[in-house]
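For reference, target.pdb (PDB, C-alpha atoms and all ligand atoms):
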ATOM      1  CA  MET A  24     154.709 -44.034  81.151
ATOM      2  CA  LYS A  25     154.178 -44.701  77.451
ATOM      3  CA  ASN A  26     151.869 -42.917  75.027
ATOM      4  CA  LEU A  27     150.030 -44.190  71.987
ATOM      5  CA  ILE A  28     148.331 -41.979  69.414
ATOM      6  CA  ILE A  29     145.706 -43.764  67.320
ATOM      7  CA  TYR A  30     144.348 -41.635  64.492
ATOM      8  CA  TYR A  31     142.346 -41.633  61.309
ATOM      9  CA  SER A  32     142.663 -38.792  58.810
ATOM     10  CA  ARG A  33     141.564 -38.405  55.208
ATOM     11  CA  LYS A  34     143.465 -36.341  52.685
ATOM     12  CA  GLY A  35     141.887 -35.101  49.461
ATOM     13  CA  GLU A  36     138.788 -32.974  49.141
ATOM     14  CA  ASN A  37     137.590 -31.410  52.356
ATOM     15  CA  TYR A  38     135.504 -28.546  53.636
ATOM     16  CA  PHE A  39     137.350 -25.443  54.877
ATOM     17  CA  ASN A  40     135.612 -22.361  56.185
ATOM     18  CA  GLY A  41     132.669 -22.907  53.869
ATOM     19  CA  LYS A  42     134.643 -23.947  50.767
ATOM     20  CA  ILE A  43     135.657 -27.306  49.338
ATOM     21  CA  CYS A  44     139.457 -27.559  48.875
ATOM     22  CA  SER A  45     141.884 -30.401  48.240
ATOM     23  CA  ILE A  46     144.474 -30.901  50.963
ATOM     24  CA  PRO A  47     147.669 -32.987  50.732
ATOM     25  CA  LYS A  48     147.603 -34.000  54.408
ATOM     26  CA  GLY A  49     144.542 -34.530  56.556
ATOM     27  CA  ASN A  50     143.767 -32.114  59.404
ATOM     28  CA  THR A  51     143.788 -34.797  62.078
ATOM     29  CA  GLU A  52     147.137 -36.139  60.898
ATOM     30  CA  ILE A  53     148.676 -32.681  61.386
ATOM     31  CA  VAL A  54     147.338 -32.506  64.937
ATOM     32  CA  ALA A  55     148.230 -36.135  65.800
ATOM     33  CA  GLU A  56     151.836 -35.336  64.893
ATOM     34  CA  PHE A  57     151.766 -32.304  67.211
ATOM     35  CA  ILE A  58     150.761 -34.628  70.059
ATOM     36  CA  GLN A  59     153.661 -36.957  69.318
ATOM     37  CA  GLN A  60     156.092 -34.059  69.121
ATOM     38  CA  ALA A  61     154.793 -32.763  72.478
ATOM     39  CA  VAL A  62     154.718 -35.908  74.596
ATOM     40  CA  GLY A  63     156.438 -38.641  72.546
ATOM     41  CA  GLY A  64     155.038 -42.104  71.944
ATOM     42  CA  ASP A  65     153.934 -44.221  69.020
ATOM     43  CA  LEU A  66     151.637 -43.111  66.215
ATOM     44  CA  PHE A  67     149.223 -45.631  64.714
ATOM     45  CA  LYS A  68     147.348 -44.662  61.572
ATOM     46  CA  VAL A  69     143.992 -46.347  61.011
ATOM     47  CA  ASP A  70     143.779 -47.167  57.299
ATOM     48  CA  THR A  71     140.884 -48.917  55.579
ATOM     49  CA  VAL A  72     141.273 -51.653  52.966
ATOM     50  CA  LYS A  73     138.587 -49.954  50.880
ATOM     51  CA  PRO A  74     139.502 -46.269  50.528
ATOM     52  CA  TYR A  75     136.856 -43.614  51.073
ATOM     53  CA  ALA A  76     135.919 -41.461  48.091
ATOM     54  CA  ASP A  77     138.246 -38.578  47.390
ATOM     55  CA  ASN A  78     135.178 -36.599  46.356
ATOM     56  CA  TYR A  79     133.783 -34.796  49.425
ATOM     57  CA  THR A  80     130.091 -35.263  48.677
ATOM     58  CA  ALA A  81     130.514 -38.955  47.857
ATOM     59  CA  CYS A  82     132.471 -39.477  51.070
ATOM     60  CA  ILE A  83     129.749 -37.732  53.102
ATOM     61  CA  GLU A  84     127.214 -40.232  51.750
ATOM     62  CA  GLN A  85     129.481 -43.251  52.398
ATOM     63  CA  ALA A  86     130.075 -42.102  55.956
ATOM     64  CA  LYS A  87     126.367 -41.584  56.568
ATOM     65  CA  LEU A  88     125.548 -45.126  55.447
ATOM     66  CA  GLU A  89     128.349 -46.535  57.571
ATOM     67  CA  LEU A  90     127.117 -44.707  60.651
ATOM     68  CA  GLN A  91     123.525 -45.795  60.075
ATOM     69  CA  SER A  92     124.533 -49.439  59.659
ATOM     70  CA  GLN A  93     127.196 -49.249  62.408
ATOM     71  CA  ALA A  94     129.662 -50.663  59.862
ATOM     72  CA  ARG A  95     133.092 -51.812  60.952
ATOM     73  CA  PRO A  96     135.214 -51.321  57.812
ATOM     74  CA  GLU A  97     138.152 -53.682  57.452
ATOM     75  CA  LEU A  98     141.571 -52.172  58.161
ATOM     76  CA  LYS A  99     144.892 -52.815  56.415
ATOM     77  CA  LYS A 100     146.474 -53.599  59.766
ATOM     78  CA  TYR A 101     145.344 -53.740  63.361
ATOM     79  CA  LEU A 102     146.974 -53.088  66.693
ATOM     80  CA  THR A 103     146.336 -56.154  68.822
ATOM     81  CA  ASP A 104     148.139 -55.455  72.082
ATOM     82  CA  ILE A 105     148.288 -52.123  73.896
ATOM     83  CA  SER A 106     149.443 -53.492  77.241
ATOM     84  CA  ALA A 107     152.701 -51.505  76.970
ATOM     85  CA  TYR A 108     150.860 -48.158  76.895
ATOM     86  CA  ASP A 109     149.399 -46.028  79.683
ATOM     87  CA  HIS A 110     147.936 -43.065  77.803
ATOM     88  CA  ILE A 111     146.040 -43.433  74.573
ATOM     89  CA  PHE A 112     145.067 -40.464  72.422
ATOM     90  CA  VAL A 113     142.281 -41.294  69.978
ATOM     91  CA  CYS A 114     142.200 -38.700  67.201
ATOM     92  CA  GLY A 115     139.883 -38.366  64.247
ATOM     93  CA  PRO A 116     137.660 -36.099  62.205
ATOM     94  CA  CYS A 117     134.054 -35.529  63.125
ATOM     95  CA  TRP A 118     131.981 -37.539  60.662
ATOM     96  CA  TRP A 119     128.281 -37.082  61.297
ATOM     97  CA  GLY A 120     128.896 -36.256  64.934
ATOM     98  CA  THR A 121     131.358 -38.977  65.876
ATOM     99  CA  PHE A 122     134.583 -40.660  64.773
ATOM    100  CA  PRO A 123     134.666 -42.516  61.425
ATOM    101  CA  MET A 124     133.513 -46.105  61.928
ATOM    102  CA  ALA A 125     137.026 -47.287  60.996
ATOM    103  CA  ILE A 126     138.288 -45.999  64.355
ATOM    104  CA  PHE A 127     135.802 -48.238  66.128
ATOM    105  CA  SER A 128     136.951 -51.190  63.944
ATOM    106  CA  GLN A 129     140.282 -50.763  65.725
ATOM    107  CA  LEU A 130     139.119 -49.804  69.234
ATOM    108  CA  GLU A 131     136.849 -52.833  69.544
ATOM    109  CA  LYS A 132     139.851 -55.139  69.183
ATOM    110  CA  LEU A 133     141.744 -53.730  72.187
ATOM    111  CA  ASP A 134     141.716 -54.198  75.939
ATOM    112  CA  PHE A 135     141.463 -50.761  77.554
ATOM    113  CA  SER A 136     141.383 -51.832  81.211
ATOM    114  CA  GLY A 137     143.363 -49.400  83.342
ATOM    115  CA  LYS A 138     144.245 -47.066  80.451
ATOM    116  CA  LYS A 139     143.693 -43.323  80.264
ATOM    117  CA  VAL A 140     142.050 -42.389  76.975
ATOM    118  CA  MET A 141     141.741 -38.897  75.477
ATOM    119  CA  ALA A 142     139.649 -37.797  72.509
ATOM    120  CA  LEU A 143     140.876 -35.295  69.967
ATOM    121  CA  MET A 144     138.447 -34.386  67.231
ATOM    122  CA  THR A 145     138.896 -32.075  64.245
ATOM    123  CA  HIS A 146     135.641 -30.675  62.906
ATOM    124  CA  GLU A 147     133.899 -27.877  61.026
ATOM    125  CA  GLY A 148     131.546 -26.787  63.792
ATOM    126  CA  SER A 149     130.400 -29.831  65.758
ATOM    127  CA  GLY A 150     133.241 -29.722  68.293
ATOM    128  CA  LEU A 151     133.640 -33.055  70.089
ATOM    129  CA  GLY A 152     130.135 -34.100  69.037
ATOM    130  CA  ASN A 153     129.310 -37.506  70.510
ATOM    131  CA  CYS A 154     132.830 -38.843  70.377
ATOM    132  CA  GLU A 155     133.434 -38.946  74.131
ATOM    133  CA  ARG A 156     130.183 -40.827  74.696
ATOM    134  CA  ASP A 157     131.329 -43.313  72.044
ATOM    135  CA  LEU A 158     134.824 -43.644  73.499
ATOM    136  CA  LYS A 159     133.271 -44.558  76.847
ATOM    137  CA  LYS A 160     131.279 -47.227  75.074
ATOM    138  CA  TYR A 161     134.091 -48.701  72.977
ATOM    139  CA  CYS A 162     136.931 -48.418  75.511
ATOM    140  CA  PRO A 163     135.444 -50.230  78.516
ATOM    141  CA  GLY A 164     137.597 -50.107  81.628
ATOM    142  CA  ALA A 165     139.399 -46.920  80.550
ATOM    143  CA  THR A 166     139.383 -43.579  82.356
ATOM    144  CA  LEU A 167     138.454 -40.737  80.041
ATOM    145  CA  GLY A 168     140.656 -37.622  80.112
ATOM    146  CA  THR A 169     139.524 -34.203  78.895
ATOM    147  CA  GLY A 170     138.891 -34.098  75.161
ATOM    148  CA  LEU A 171     140.038 -31.405  72.734
ATOM    149  CA  ALA A 172     138.207 -30.147  69.639
ATOM    150  CA  ILE A 173     140.157 -28.323  66.913
ATOM    151  CA  GLN A 174     138.499 -26.759  63.930
ATOM    152  CA  GLY A 175     139.980 -28.416  60.842
ATOM    153  CA  ALA A 176     140.873 -25.132  59.156
ATOM    154  CA  HIS A 177     142.915 -24.209  62.260
ATOM    155  CA  ALA A 178     144.870 -27.474  62.429
ATOM    156  CA  GLN A 179     148.136 -25.934  61.204
ATOM    157  CA  SER A 180     147.998 -23.091  63.723
ATOM    158  CA  SER A 181     146.869 -25.211  66.681
ATOM    159  CA  ARG A 182     150.294 -26.466  67.750
ATOM    160  CA  ASN A 183     150.561 -24.509  71.034
ATOM    161  CA  GLN A 184     147.051 -25.404  72.100
ATOM    162  CA  VAL A 185     147.573 -29.085  71.296
ATOM    163  CA  VAL A 186     150.952 -29.223  73.055
ATOM    164  CA  THR A 187     149.582 -27.638  76.250
ATOM    165  CA  TRP A 188     146.566 -29.953  76.251
ATOM    166  CA  ALA A 189     148.539 -33.149  75.543
ATOM    167  CA  LYS A 190     151.050 -32.386  78.302
ATOM    168  CA  SER A 191     148.275 -31.654  80.787
ATOM    169  CA  GLN A 192     146.632 -34.996  80.038
ATOM    170  CA  ILE A 193     149.680 -37.149  80.569
ATOM    171  CA  ASN A 194     150.657 -35.322  83.741
ATOM    172  CA  GLY A 195     147.156 -35.193  85.168
TER     173      GLY A 195
HETATM  174  C1  LIG B   1     132.275 -37.693  55.713
HETATM  175  C2  LIG B   1     132.438 -36.400  56.459
HETATM  176  C3  LIG B   1     131.516 -36.057  57.443
HETATM  177  C4  LIG B   1     131.685 -34.873  58.185
HETATM  178  N1  LIG B   1     130.772 -34.565  59.171
HETATM  179  C5  LIG B   1     130.996 -33.472  59.954
HETATM  180  C6  LIG B   1     130.126 -33.181  61.050
HETATM  181  O1  LIG B   1     129.138 -33.880  61.323
HETATM  182  N2  LIG B   1     130.412 -32.075  61.807
HETATM  183  C7  LIG B   1     131.492 -31.258  61.556
HETATM  184  O2  LIG B   1     131.686 -30.306  62.288
HETATM  185  N3  LIG B   1     132.333 -31.529  60.517
HETATM  186  C8  LIG B   1     132.120 -32.609  59.722
HETATM  187  N4  LIG B   1     132.986 -32.886  58.686
HETATM  188  C9  LIG B   1     134.204 -32.053  58.509
HETATM  189  C10 LIG B   1     135.438 -32.758  59.098
HETATM  190  O3  LIG B   1     135.186 -33.205  60.418
HETATM  191  C11 LIG B   1     136.664 -31.835  59.147
HETATM  192  O4  LIG B   1     136.911 -31.290  57.891
HETATM  193  C12 LIG B   1     137.904 -32.578  59.675
HETATM  194  O5  LIG B   1     138.873 -31.648  60.097
HETATM  195  C13 LIG B   1     138.504 -33.513  58.638
HETATM  196  O6  LIG B   1     139.643 -34.136  59.198
HETATM  197  P1  LIG B   1     140.688 -34.952  58.328
HETATM  198  O7  LIG B   1     141.287 -34.002  57.329
HETATM  199  O8  LIG B   1     141.727 -35.402  59.340
HETATM  200  O9  LIG B   1     140.009 -36.118  57.722
HETATM  201  C14 LIG B   1     132.798 -34.026  57.908
HETATM  202  C15 LIG B   1     133.701 -34.372  56.885
HETATM  203  C16 LIG B   1     133.526 -35.531  56.159
HETATM  204  C17 LIG B   1     134.498 -35.888  55.059
END
Go ahead and render the structure in this file as structure tokens.
Ligand SMILES: Cc1cc2nc3c(=O)[nH]c(=O)nc-3n(C[C@H](O)[C@H](O)[C@H](O)COP(=O)(O)O)c2cc1C
Amino acid sequence: MKNLIIYYSRKGENYFNGKICSIPKGNTEIVAEFIQQAVGGDLFKVDTVKPYADNYTACIEQAKLELQSQARPELKKYLTDISAYDHIFVCGPCWWGTFPMAIFSQLEKLDFSGKKVMALMTHEGSGLGNCERDLKKYCPGATLGTGLAIQGAHAQSSRNQVVTWAKSQING
């Protein structure tokens, strides 16, 4: 049984417990690495050709427009074949209630028939938002496992929770 961890994460200015701070590594990246350490498998980082603004407020506006227009930003590279994998963790920040559109740029290119897909979302209060509804839509044919929401400011200290969850999903 092989695992794949697809994630998007943005470093730079972000919102932590009510304050804007600059972080060297994105919250979701920290958590995606915990999943890999817990259950093994391949990590795939979703990376856009056009970078998002480092400035938090500018990025918020970009993300809003992309959601409204259902944009599919171009990625630097794409996974094309996931037939070797059984379990696929899709991890990303909550941007206006769902994953960044760049994650859907990737998901729409893949055949999810027979796969088990799990959502992990980092957020500042919205929890999983609408991301599981959207995974159902963009991963047709997949079975959805139980999702996990981690508050971004708690990413570093979430290791035990993430490990327990990831193991339960691949054994369930
Ligand atoms: C463009 C943008 C939109 C966001 N929208 C939400 C939101 O709707 N709900 C929420 O709880 N947090 C929201 N946040 C906060 C992020 O989800 C949170 O900081 C997350 O942990 C960032 O993950 P990252 O460091 O991996 O990119 C938003 C952040 C950004 C940059």
Exercise for review: For Gly150 of chain A, list every protein, DNA or RNA residue within 9 Å, evaluated using all atoms listed in the file, and leave out those in the same chain fewer than 6 positions away; present the list as a VMD selection string.
Suggested key: chain A and resid 117 120 144 171 to 174
(133.1, -40.9, 65.3) in this file's frame - what residues fall within 10 Å of it? Use all atoms listed in the file and give the answer as an mmCIF file with C-alpha atoms, in the frame of the given file.
data_model
loop_
_atom_site.group_PDB
_atom_site.id
_atom_site.type_symbol
_atom_site.label_atom_id
_atom_site.label_comp_id
_atom_site.auth_asym_id
_atom_site.auth_seq_id
_atom_site.Cartn_x
_atom_site.Cartn_y
_atom_site.Cartn_z
ATOM 1 C CA ALA A 86 130.075 -42.102 55.956
ATOM 2 C CA LEU A 90 127.117 -44.707 60.651
ATOM 3 C CA CYS A 114 142.200 -38.700 67.201
ATOM 4 C CA GLY A 115 139.883 -38.366 64.247
ATOM 5 C CA PRO A 116 137.660 -36.099 62.205
ATOM 6 C CA CYS A 117 134.054 -35.529 63.125
ATOM 7 C CA TRP A 118 131.981 -37.539 60.662
ATOM 8 C CA TRP A 119 128.281 -37.082 61.297
ATOM 9 C CA GLY A 120 128.896 -36.256 64.934
ATOM 10 C CA THR A 121 131.358 -38.977 65.876
ATOM 11 C CA PHE A 122 134.583 -40.660 64.773
ATOM 12 C CA PRO A 123 134.666 -42.516 61.425
ATOM 13 C CA MET A 124 133.513 -46.105 61.928
ATOM 14 C CA ALA A 125 137.026 -47.287 60.996
ATOM 15 C CA ILE A 126 138.288 -45.999 64.355
ATOM 16 C CA PHE A 127 135.802 -48.238 66.128
ATOM 17 C CA MET A 144 138.447 -34.386 67.231
ATOM 18 C CA LEU A 151 133.640 -33.055 70.089
ATOM 19 C CA GLY A 152 130.135 -34.100 69.037
ATOM 20 C CA ASN A 153 129.310 -37.506 70.510
ATOM 21 C CA CYS A 154 132.830 -38.843 70.377
ATOM 22 C CA GLU A 155 133.434 -38.946 74.131
ATOM 23 C CA ARG A 156 130.183 -40.827 74.696
ATOM 24 C CA ASP A 157 131.329 -43.313 72.044
ATOM 25 C CA LEU A 158 134.824 -43.644 73.499
#
Exercise for review: Dump the neighbourhood of ligand LIG 1 (chain B) as a list in words: all residues within 6 Å, distances computed on all atoms listed in the file.
Suggested key: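 Those within range of ligand LIG 1 (chain B) are Ser32, Arg33, Lys34, Asn37, Tyr38, Gly49, Asn50, Thr51, Glu52, Tyr79, Cys82, Ile83, Ala86, Pro116, Cys117, Trp118, Trp119, Gly120, Thr145, His146, Glu147, Gly148, Ser149 and Gly175 of chain A.
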Point to revise | Residues returned when the PyMOL selection byres (((chain A and resi 95-106) around 7) and not hetatm) runs on this file, as a list in words | key: Val69, Asp70, Thr71, Val72, Gln93, Ala94, Ala107, Tyr108, Met124, Ala125, Phe127, Ser128, Gln129, Lys132 and Leu133 of chain A
Exercise for review: Evaluate the PyMOL selection byres (((chain A and resi 62-67) around 6) and not hetatm) here and jot the selected residues down as a VMD selection string.
Suggested key: chain A and resid 26 to 29 59 to 61 68
Check your understanding: What does the PyMOL selection byres (((chain A and resi 36) around 7) and not hetatm) select in this file, as a list of chain:residue names?
Key -> A:Lys34, A:Gly35, A:Asn37, A:Ile43, A:Cys44, A:Ser45, A:Ile46, A:Asp77, A:Asn78, A:Tyr79
Can you check which parts of segment 165-190 of chain A lie within 10 Å of segment 137-140 of chain A? Per residue, the shortest pair of atoms and distance in Å to one decimal, counting all atoms listed in the file, sorted by chain and number, as a tab-separated table.
residue	atom	partner	partner_atom	distance
A:Ala165	CA	A:Lys138	CA	4.8
A:Thr166	CA	A:Lys139	CA	4.8
A:Leu167	CA	A:Val140	CA	5.0
A:Gly168	CA	A:Val140	CA	5.9
A:Thr169	CA	A:Val140	CA	8.8
A:Gly170	CA	A:Val140	CA	9.1
Which residues, written as a CSV table (one decimal) with C-alpha atoms, in the coordinates of the input, have at least one atom at most 9 Å from Trp188 of chain A, with only C-alpha atoms counted and residues fewer than 2 positions away on the same chain left out?
chain,number,residue,atom,x,y,z
A,58,ILE,CA,150.8,-34.6,70.1
A,169,THR,CA,139.5,-34.2,78.9
A,170,GLY,CA,138.9,-34.1,75.2
A,171,LEU,CA,140.0,-31.4,72.7
A,183,ASN,CA,150.6,-24.5,71.0
A,184,GLN,CA,147.1,-25.4,72.1
A,185,VAL,CA,147.6,-29.1,71.3
A,186,VAL,CA,151.0,-29.2,73.1
A,190,LYS,CA,151.0,-32.4,78.3
A,191,SER,CA,148.3,-31.7,80.8
A,192,GLN,CA,146.6,-35.0,80.0
A,193,ILE,CA,149.7,-37.1,80.6
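Separating atom CA of Ser136 of chain A from atom CA of Tyr31 of chain A is a distance of 22.4 Å.
In this structure, atom CA of Asp134 of chain A sits 17.3 Å away from atom CA of Met24 of chain A.
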**Study point:** Distance of atom CA of Asp109 of chain A from atom CA of Phe135 of chain A, expressed in Å to one decimal place
**Key:**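 Here the two named atoms are 9.5 Å from each other.
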Can you report as AutoDock Vina command-line options the centre and edge lengths in Å, to one decimal, of an axis-aligned box around the listed atoms of segment 169-178 of chain A padded with 8 Å on each side?
--center_x 141.5 --center_y -29.2 --center_z 69.0 --size_x 22.7 --size_y 26.0 --size_z 35.7
